[in-house]
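Chemist: Data: input-v2.pdb, PDB, C-alpha atoms.
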```pdb
ATOM      1  CA  MET A 758    -169.513 106.788-162.864  1.00  0.00           C
ATOM      2  CA  ILE A 759    -165.761 107.082-163.376  1.00  0.00           C
ATOM      3  CA  GLU A 760    -164.346 104.864-166.095  1.00  0.00           C
ATOM      4  CA  GLN A 761    -161.847 102.253-164.941  1.00  0.00           C
ATOM      5  CA  ASP A 762    -158.914 103.781-166.887  1.00  0.00           C
ATOM      6  CA  LEU A 763    -159.559 107.274-165.568  1.00  0.00           C
ATOM      7  CA  LEU A 764    -159.851 106.013-162.019  1.00  0.00           C
ATOM      8  CA  GLY A 765    -156.601 104.081-162.380  1.00  0.00           C
ATOM      9  CA  GLU A 766    -154.782 107.137-163.726  1.00  0.00           C
ATOM     10  CA  TRP A 767    -156.163 109.309-160.935  1.00  0.00           C
ATOM     11  CA  LEU A 768    -155.132 106.848-158.225  1.00  0.00           C
ATOM     12  CA  MET A 769    -151.682 106.268-159.685  1.00  0.00           C
ATOM     13  CA  SER A 770    -151.094 110.044-159.866  1.00  0.00           C
ATOM     14  CA  ARG A 771    -151.449 109.998-156.102  1.00  0.00           C
ATOM     15  CA  THR A 772    -148.976 107.229-155.309  1.00  0.00           C
ATOM     16  CA  ARG A 773    -147.416 109.291-152.526  1.00  0.00           C
ATOM     17  CA  HIS A 774    -150.836 109.462-150.912  1.00  0.00           C
ATOM     18  CA  TYR A 775    -152.816 106.956-148.877  1.00  0.00           C
ATOM     19  CA  MET A 776    -155.891 104.856-149.479  1.00  0.00           C
ATOM     20  CA  PHE A 777    -157.756 104.641-146.183  1.00  0.00           C
ATOM     21  CA  VAL A 778    -160.373 101.998-145.496  1.00  0.00           C
ATOM     22  CA  LEU A 779    -162.243 102.804-142.305  1.00  0.00           C
ATOM     23  CA  TRP A 780    -163.201  99.922-140.059  1.00  0.00           C
ATOM     24  CA  ALA A 781    -165.572  99.479-137.105  1.00  0.00           C
ATOM     25  CA  ASP A 782    -167.866  96.867-135.582  1.00  0.00           C
ATOM     26  CA  ARG A 783    -170.553  95.574-137.961  1.00  0.00           C
ATOM     27  CA  PHE A 784    -169.054  97.145-141.073  1.00  0.00           C
ATOM     28  CA  ASP A 785    -169.125  95.154-144.321  1.00  0.00           C
ATOM     29  CA  GLU A 786    -166.017  92.999-144.095  1.00  0.00           C
ATOM     30  CA  SER A 787    -166.366  91.681-147.646  1.00  0.00           C
ATOM     31  CA  ALA A 788    -166.144  95.221-149.051  1.00  0.00           C
ATOM     32  CA  ALA A 789    -163.321  96.164-146.676  1.00  0.00           C
ATOM     33  CA  THR A 790    -161.188  93.160-147.587  1.00  0.00           C
ATOM     34  CA  VAL A 791    -161.746  93.612-151.332  1.00  0.00           C
ATOM     35  CA  PHE A 792    -160.729  97.287-151.244  1.00  0.00           C
ATOM     36  CA  VAL A 793    -157.665  96.672-149.058  1.00  0.00           C
ATOM     37  CA  THR A 794    -156.558  93.717-151.192  1.00  0.00           C
ATOM     38  CA  GLU A 795    -157.077  95.394-154.565  1.00  0.00           C
ATOM     39  CA  PHE A 796    -155.398  98.643-153.515  1.00  0.00           C
ATOM     40  CA  ARG A 797    -152.402  96.724-152.182  1.00  0.00           C
ATOM     41  CA  ILE A 798    -152.173  94.567-155.314  1.00  0.00           C
ATOM     42  CA  ALA A 799    -152.083  97.830-157.300  1.00  0.00           C
ATOM     43  CA  GLY A 800    -149.128  98.949-155.173  1.00  0.00           C
ATOM     44  CA  LEU A 801    -150.999 101.763-153.431  1.00  0.00           C
ATOM     45  CA  ARG A 802    -150.302 102.745-149.820  1.00  0.00           C
ATOM     46  CA  THR A 803    -153.329 101.336-148.058  1.00  0.00           C
ATOM     47  CA  LYS A 804    -154.242 101.465-144.397  1.00  0.00           C
ATOM     48  CA  LEU A 805    -157.164  99.883-142.566  1.00  0.00           C
ATOM     49  CA  VAL A 806    -158.098 102.469-139.914  1.00  0.00           C
ATOM     50  CA  SER A 807    -160.192 101.903-136.801  1.00  0.00           C
ATOM     51  CA  LEU A 808    -161.209 103.880-133.756  1.00  0.00           C
ATOM     52  CA  VAL A 809    -159.720 101.078-131.637  1.00  0.00           C
ATOM     53  CA  SER A 810    -156.415  99.207-131.795  1.00  0.00           C
ATOM     54  CA  HIS A 811    -157.857  95.693-131.501  1.00  0.00           C
ATOM     55  CA  ALA A 812    -159.653  93.522-134.064  1.00  0.00           C
ATOM     56  CA  SER A 813    -163.349  94.230-134.596  1.00  0.00           C
ATOM     57  CA  ALA A 814    -165.947  91.866-136.054  1.00  0.00           C
ATOM     58  CA  GLY A 815    -167.802  92.824-139.209  1.00  0.00           C
ATOM     59  CA  ALA A 816    -171.448  92.283-140.082  1.00  0.00           C
ATOM     60  CA  TYR A 817    -170.875  88.568-140.776  1.00  0.00           C
ATOM     61  CA  GLY A 818    -168.439  87.788-137.965  1.00  0.00           C
ATOM     62  CA  LEU A 819    -165.053  88.182-139.694  1.00  0.00           C
ATOM     63  CA  ALA A 820    -162.722  90.127-137.407  1.00  0.00           C
ATOM     64  CA  LEU A 821    -160.204  92.505-138.933  1.00  0.00           C
ATOM     65  CA  ALA A 822    -157.297  94.160-137.119  1.00  0.00           C
ATOM     66  CA  PRO A 823    -156.472  97.724-138.149  1.00  0.00           C
ATOM     67  CA  ASP A 824    -153.127  98.894-139.477  1.00  0.00           C
ATOM     68  CA  LEU A 825    -153.609 102.247-137.751  1.00  0.00           C
ATOM     69  CA  THR A 826    -155.851 103.716-135.117  1.00  0.00           C
ATOM     70  CA  LEU A 827    -157.673 106.912-135.971  1.00  0.00           C
ATOM     71  CA  ASP A 828    -155.269 108.847-133.731  1.00  0.00           C
ATOM     72  CA  GLN A 829    -152.343 107.498-135.774  1.00  0.00           C
ATOM     73  CA  ALA A 830    -154.100 108.253-139.089  1.00  0.00           C
ATOM     74  CA  LEU A 831    -155.138 111.831-138.234  1.00  0.00           C
ATOM     75  CA  PRO A 832    -151.770 113.381-139.177  1.00  0.00           C
ATOM     76  CA  LEU A 833    -151.984 111.604-142.557  1.00  0.00           C
ATOM     77  CA  ALA A 834    -155.524 112.775-143.421  1.00  0.00           C
ATOM     78  CA  GLY A 835    -154.217 115.511-145.702  1.00  0.00           C
ATOM     79  CA  ARG A 836    -152.473 112.843-147.779  1.00  0.00           C
ATOM     80  CA  ALA A 837    -155.648 110.816-148.390  1.00  0.00           C
ATOM     81  CA  ALA A 838    -156.306 110.005-152.035  1.00  0.00           C
ATOM     82  CA  CYS A 839    -159.288 107.816-151.166  1.00  0.00           C
ATOM     83  CA  VAL A 840    -161.395 107.078-148.094  1.00  0.00           C
ATOM     84  CA  VAL A 841    -163.561 103.959-148.163  1.00  0.00           C
ATOM     85  CA  ILE A 842    -166.371 103.513-145.646  1.00  0.00           C
ATOM     86  CA  PRO A 843    -167.517  99.901-146.103  1.00  0.00           C
ATOM     87  CA  GLY A 844    -171.059 100.324-144.920  1.00  0.00           C
ATOM     88  CA  GLY A 845    -174.221 102.280-145.528  1.00  0.00           C
ATOM     89  CA  ALA A 846    -175.846 105.266-143.870  1.00  0.00           C
ATOM     90  CA  ALA A 847    -175.914 103.692-140.390  1.00  0.00           C
ATOM     91  CA  ALA A 848    -172.168 103.065-140.527  1.00  0.00           C
ATOM     92  CA  VAL A 849    -171.436 106.592-141.688  1.00  0.00           C
ATOM     93  CA  LYS A 850    -173.654 108.088-138.966  1.00  0.00           C
ATOM     94  CA  ARG A 851    -171.936 106.034-136.252  1.00  0.00           C
ATOM     95  CA  LEU A 852    -168.550 107.270-137.422  1.00  0.00           C
ATOM     96  CA  GLY A 853    -169.801 110.839-137.495  1.00  0.00           C
ATOM     97  CA  ASP A 854    -170.379 110.727-133.746  1.00  0.00           C
ATOM     98  CA  ASP A 855    -166.608 110.851-133.185  1.00  0.00           C
ATOM     99  CA  PRO A 856    -165.230 114.413-133.490  1.00  0.00           C
ATOM    100  CA  ARG A 857    -161.781 113.088-134.457  1.00  0.00           C
ATOM    101  CA  LEU A 858    -163.309 111.306-137.415  1.00  0.00           C
ATOM    102  CA  ARG A 859    -165.119 114.446-138.494  1.00  0.00           C
ATOM    103  CA  ILE A 860    -161.730 116.212-138.531  1.00  0.00           C
ATOM    104  CA  PHE A 861    -160.151 113.335-140.464  1.00  0.00           C
ATOM    105  CA  LEU A 862    -162.922 113.302-143.089  1.00  0.00           C
ATOM    106  CA  ALA A 863    -162.962 117.096-143.428  1.00  0.00           C
ATOM    107  CA  GLU A 864    -159.194 117.223-143.975  1.00  0.00           C
ATOM    108  CA  ALA A 865    -159.320 114.434-146.557  1.00  0.00           C
ATOM    109  CA  HIS A 866    -162.229 116.163-148.307  1.00  0.00           C
ATOM    110  CA  ALA A 867    -160.389 119.503-148.352  1.00  0.00           C
ATOM    111  CA  GLN A 868    -157.478 117.814-150.128  1.00  0.00           C
ATOM    112  CA  GLY A 869    -159.736 116.341-152.815  1.00  0.00           C
ATOM    113  CA  ALA A 870    -159.875 112.734-151.618  1.00  0.00           C
ATOM    114  CA  LEU A 871    -162.282 110.377-153.364  1.00  0.00           C
ATOM    115  CA  PHE A 872    -164.920 108.963-150.986  1.00  0.00           C
ATOM    116  CA  VAL A 873    -166.446 105.516-151.438  1.00  0.00           C
ATOM    117  CA  VAL A 874    -169.472 104.647-149.299  1.00  0.00           C
ATOM    118  CA  GLY A 875    -172.267 102.099-149.360  1.00  0.00           C
ATOM    119  CA  ILE A 876    -175.207 102.715-151.653  1.00  0.00           C
ATOM    120  CA  ASP A 877    -177.269 104.603-149.058  1.00  0.00           C
ATOM    121  CA  GLY A 878    -174.354 106.280-147.271  1.00  0.00           C
ATOM    122  CA  GLU A 879    -173.797 109.288-149.524  1.00  0.00           C
ATOM    123  CA  GLY A 880    -176.398 111.485-147.857  1.00  0.00           C
ATOM    124  CA  ALA A 881    -175.081 110.703-144.380  1.00  0.00           C
ATOM    125  CA  LEU A 882    -171.532 111.502-145.491  1.00  0.00           C
ATOM    126  CA  GLY A 883    -172.716 114.811-146.917  1.00  0.00           C
ATOM    127  CA  GLY A 884    -174.214 115.605-143.525  1.00  0.00           C
ATOM    128  CA  ILE A 885    -170.856 115.065-141.853  1.00  0.00           C
ATOM    129  CA  LEU A 886    -168.843 117.016-144.414  1.00  0.00           C
ATOM    130  CA  GLY A 887    -171.348 119.859-144.514  1.00  0.00           C
TER     131      GLY A 887
END
```
Mind turning the file's structure into structure tokens?
Modeler:
Amino acid sequence: MIEQDLLGEWLMSRTRHYMFVLWADRFDESAATVFVTEFRIAGLRTKLVSLVSHASAGAYGLALAPDLTLDQALPLAGRAACVVIPGGAAAVKRLGDDPRLRIFLAEAHAQGALFVVGIDGEGALGGILG
């Protein structure tokens, strides 16, 4: 586990980069809103990214509208400091079905982005990233 101070230093060293929170139907809206809010309070460039341009409902019915579609975020993938996937293995696997998202995640990974996934999502993410 990364200590809070070290994480803060790492994130602040990447202020010209983006914090991406991925969003899709049935994702965990409580996690998504906390990450987006806290990153923005910290003054970090944060974008909620979805495969679609309209609002999608989370696991508990709260609908969130994305800042960017995946097509709009793709050119920025190399500037990702952090990618949050607010869901577990099922959420990660659903995202992995989209080839554009595989490209986005691979580019972010190649640039050393930090990935945050639900407790059982790490293995599924590893399967996507290879």
Chemist: When you count all atoms listed in the file, which of these residues is closest to Leu833 of chain A: A:Val793, A:Leu871, A:Ala788, A:Val806?
Modeler: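 Using all atoms listed in the file, Leu833 of chain A sits closest to A:Val806.
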Chemist: For Leu779 of chain A, list every protein, DNA or RNA residue within 12 Å, evaluated using all atoms listed in the file, and leave out those in the same chain fewer than 4 positions away; present the list as a PyMOL selection string.
Modeler: chain A and resi 783-786+788-790+792-793+803-809+813+815+821-827+830+839-844+848-849+851-852+858+861-862+872-874
Chemist: Figure out the distance between atom CA of Ala814 of chain A and atom CA of His774 of chain A, please, to one decimal in Å.
Modeler: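 Separating atom CA of His774 of chain A from atom CA of Ala814 of chain A is a distance of 27.5 Å.
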Chemist: Can you measure atom CA of Gln829 of chain A to atom CA of Phe777 of chain A for me? One decimal in Å is fine.
Modeler: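 One can read the atom CA of Gln829 of chain A to atom CA of Phe777 of chain A distance as 12.1 Å.
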Chemist: What is the distance between atom CA of Arg857 of chain A and atom CA of Tyr775 of chain A, in Å to one decimal?
Modeler: 18.1 Å
Chemist: Which is closest to Ala846 of chain A among A:Gly869, A:Leu819, A:Phe796, A:Ile876, if we use only C-alpha atoms?
Modeler: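 When distances to Ala846 of chain A are compared using only C-alpha atoms, the smallest one comes from A:Ile876.
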Chemist: Might you pull out every residue within 6 Å of segment 865-867 of chain A, with only C-alpha atoms counted and same-chain residues fewer than 4 positions away left off, and present them as a PDB file with C-alpha atoms, keeping the file's coordinate frame?
Modeler:
```pdb
ATOM      1  CA  ALA A 834    -155.524 112.775-143.421  1.00  0.00           C
ATOM      2  CA  GLY A 835    -154.217 115.511-145.702  1.00  0.00           C
ATOM      3  CA  ALA A 837    -155.648 110.816-148.390  1.00  0.00           C
TER       4      ALA A 837
END
```
Chemist: Taking the partial coordinates given, rebuild segment 851-862 of chain A to contain all heavy atoms; return it as a tab-separated table (two decimals), keeping the file's coordinate frame.
Modeler:
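Wrote out-v8.tsv, looks like this:
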```tsv
chain	number	residue	atom	x	y	z
A	851	ARG	N	-172.67	106.44	-137.46
A	851	ARG	CA	-171.94	106.03	-136.25
A	851	ARG	C	-170.56	106.65	-136.22
A	851	ARG	O	-170.08	107.10	-135.18
A	851	ARG	CB	-171.82	104.51	-136.17
A	851	ARG	CG	-173.05	103.86	-135.62
A	851	ARG	CD	-172.78	102.43	-135.20
A	851	ARG	NE	-171.60	101.89	-135.80
A	851	ARG	CZ	-171.50	100.69	-136.34
A	851	ARG	NH1	-172.51	99.88	-136.32
A	851	ARG	NH2	-170.38	100.26	-136.88
A	852	LEU	N	-169.88	106.67	-137.36
A	852	LEU	CA	-168.55	107.27	-137.42
A	852	LEU	C	-168.61	108.77	-137.16
A	852	LEU	O	-167.72	109.34	-136.54
A	852	LEU	CB	-167.91	107.02	-138.78
A	852	LEU	CG	-167.49	105.59	-139.07
A	852	LEU	CD1	-166.96	105.49	-140.50
A	852	LEU	CD2	-166.44	105.10	-138.09
A	853	GLY	N	-169.66	109.40	-137.65
A	853	GLY	CA	-169.80	110.84	-137.50
A	853	GLY	C	-169.95	111.30	-136.07
A	853	GLY	O	-169.81	112.49	-135.78
A	854	ASP	N	-170.24	110.37	-135.16
A	854	ASP	CA	-170.38	110.73	-133.75
A	854	ASP	C	-169.03	111.03	-133.09
A	854	ASP	O	-168.99	111.62	-132.02
A	854	ASP	CB	-171.06	109.59	-132.97
A	854	ASP	CG	-172.53	109.44	-133.34
A	854	ASP	OD1	-173.11	110.41	-133.87
A	854	ASP	OD2	-173.08	108.35	-133.10
A	855	ASP	N	-167.94	110.64	-133.74
A	855	ASP	CA	-166.61	110.85	-133.18
A	855	ASP	C	-166.02	112.14	-133.77
A	855	ASP	O	-165.80	112.21	-134.98
A	855	ASP	CB	-165.71	109.66	-133.52
A	855	ASP	CG	-164.39	109.71	-132.78
A	855	ASP	OD1	-163.71	110.76	-132.83
A	855	ASP	OD2	-164.00	108.69	-132.18
A	856	PRO	N	-165.74	113.15	-132.96
A	856	PRO	CA	-165.23	114.41	-133.49
A	856	PRO	C	-163.88	114.26	-134.21
A	856	PRO	O	-163.60	115.00	-135.15
A	856	PRO	CB	-165.11	115.33	-132.27
A	856	PRO	CG	-165.22	114.45	-131.08
A	856	PRO	CD	-165.92	113.20	-131.51
A	857	ARG	N	-163.07	113.30	-133.77
A	857	ARG	CA	-161.78	113.09	-134.46
A	857	ARG	C	-162.01	112.63	-135.88
A	857	ARG	O	-161.28	113.02	-136.80
A	857	ARG	CB	-160.94	112.03	-133.72
A	857	ARG	CG	-160.55	112.41	-132.31
A	857	ARG	CD	-159.95	111.23	-131.57
A	857	ARG	NE	-160.91	110.12	-131.59
A	857	ARG	CZ	-160.58	108.84	-131.46
A	857	ARG	NH1	-159.32	108.50	-131.29
A	857	ARG	NH2	-161.50	107.90	-131.47
A	858	LEU	N	-163.03	111.80	-136.07
A	858	LEU	CA	-163.31	111.31	-137.42
A	858	LEU	C	-163.85	112.42	-138.30
A	858	LEU	O	-163.53	112.49	-139.48
A	858	LEU	CB	-164.26	110.12	-137.38
A	858	LEU	CG	-164.34	109.43	-138.73
A	858	LEU	CD1	-163.00	108.81	-139.10
A	858	LEU	CD2	-165.39	108.39	-138.75
A	859	ARG	N	-164.64	113.29	-137.72
A	859	ARG	CA	-165.12	114.45	-138.49
A	859	ARG	C	-163.93	115.27	-139.00
A	859	ARG	O	-163.92	115.72	-140.14
A	859	ARG	CB	-166.05	115.32	-137.64
A	859	ARG	CG	-167.41	114.71	-137.42
A	859	ARG	CD	-168.28	115.65	-136.57
A	859	ARG	NE	-169.63	115.16	-136.51
A	859	ARG	CZ	-170.59	115.48	-137.36
A	859	ARG	NH1	-170.32	116.30	-138.35
A	859	ARG	NH2	-171.80	114.99	-137.23
A	860	ILE	N	-162.94	115.47	-138.14
A	860	ILE	CA	-161.73	116.21	-138.53
A	860	ILE	C	-160.99	115.46	-139.64
A	860	ILE	O	-160.58	116.06	-140.64
A	860	ILE	CB	-160.81	116.44	-137.31
A	860	ILE	CG1	-161.49	117.39	-136.32
A	860	ILE	CG2	-159.45	116.97	-137.74
A	860	ILE	CD1	-160.82	117.44	-134.96
A	861	PHE	N	-160.84	114.16	-139.47
A	861	PHE	CA	-160.15	113.34	-140.46
A	861	PHE	C	-160.85	113.44	-141.83
A	861	PHE	O	-160.20	113.69	-142.85
A	861	PHE	CB	-160.11	111.87	-140.00
A	861	PHE	CG	-159.46	110.94	-140.96
A	861	PHE	CD1	-158.09	110.75	-140.95
A	861	PHE	CD2	-160.21	110.24	-141.90
A	861	PHE	CE1	-157.47	109.89	-141.85
A	861	PHE	CE2	-159.62	109.39	-142.80
A	861	PHE	CZ	-158.24	109.21	-142.77
A	862	LEU	N	-162.17	113.26	-141.84
A	862	LEU	CA	-162.92	113.30	-143.09
A	862	LEU	C	-162.89	114.70	-143.72
A	862	LEU	O	-162.75	114.83	-144.94
A	862	LEU	CB	-164.36	112.85	-142.86
A	862	LEU	CG	-164.55	111.40	-142.42
A	862	LEU	CD1	-166.01	111.12	-142.10
A	862	LEU	CD2	-164.03	110.43	-143.48
```
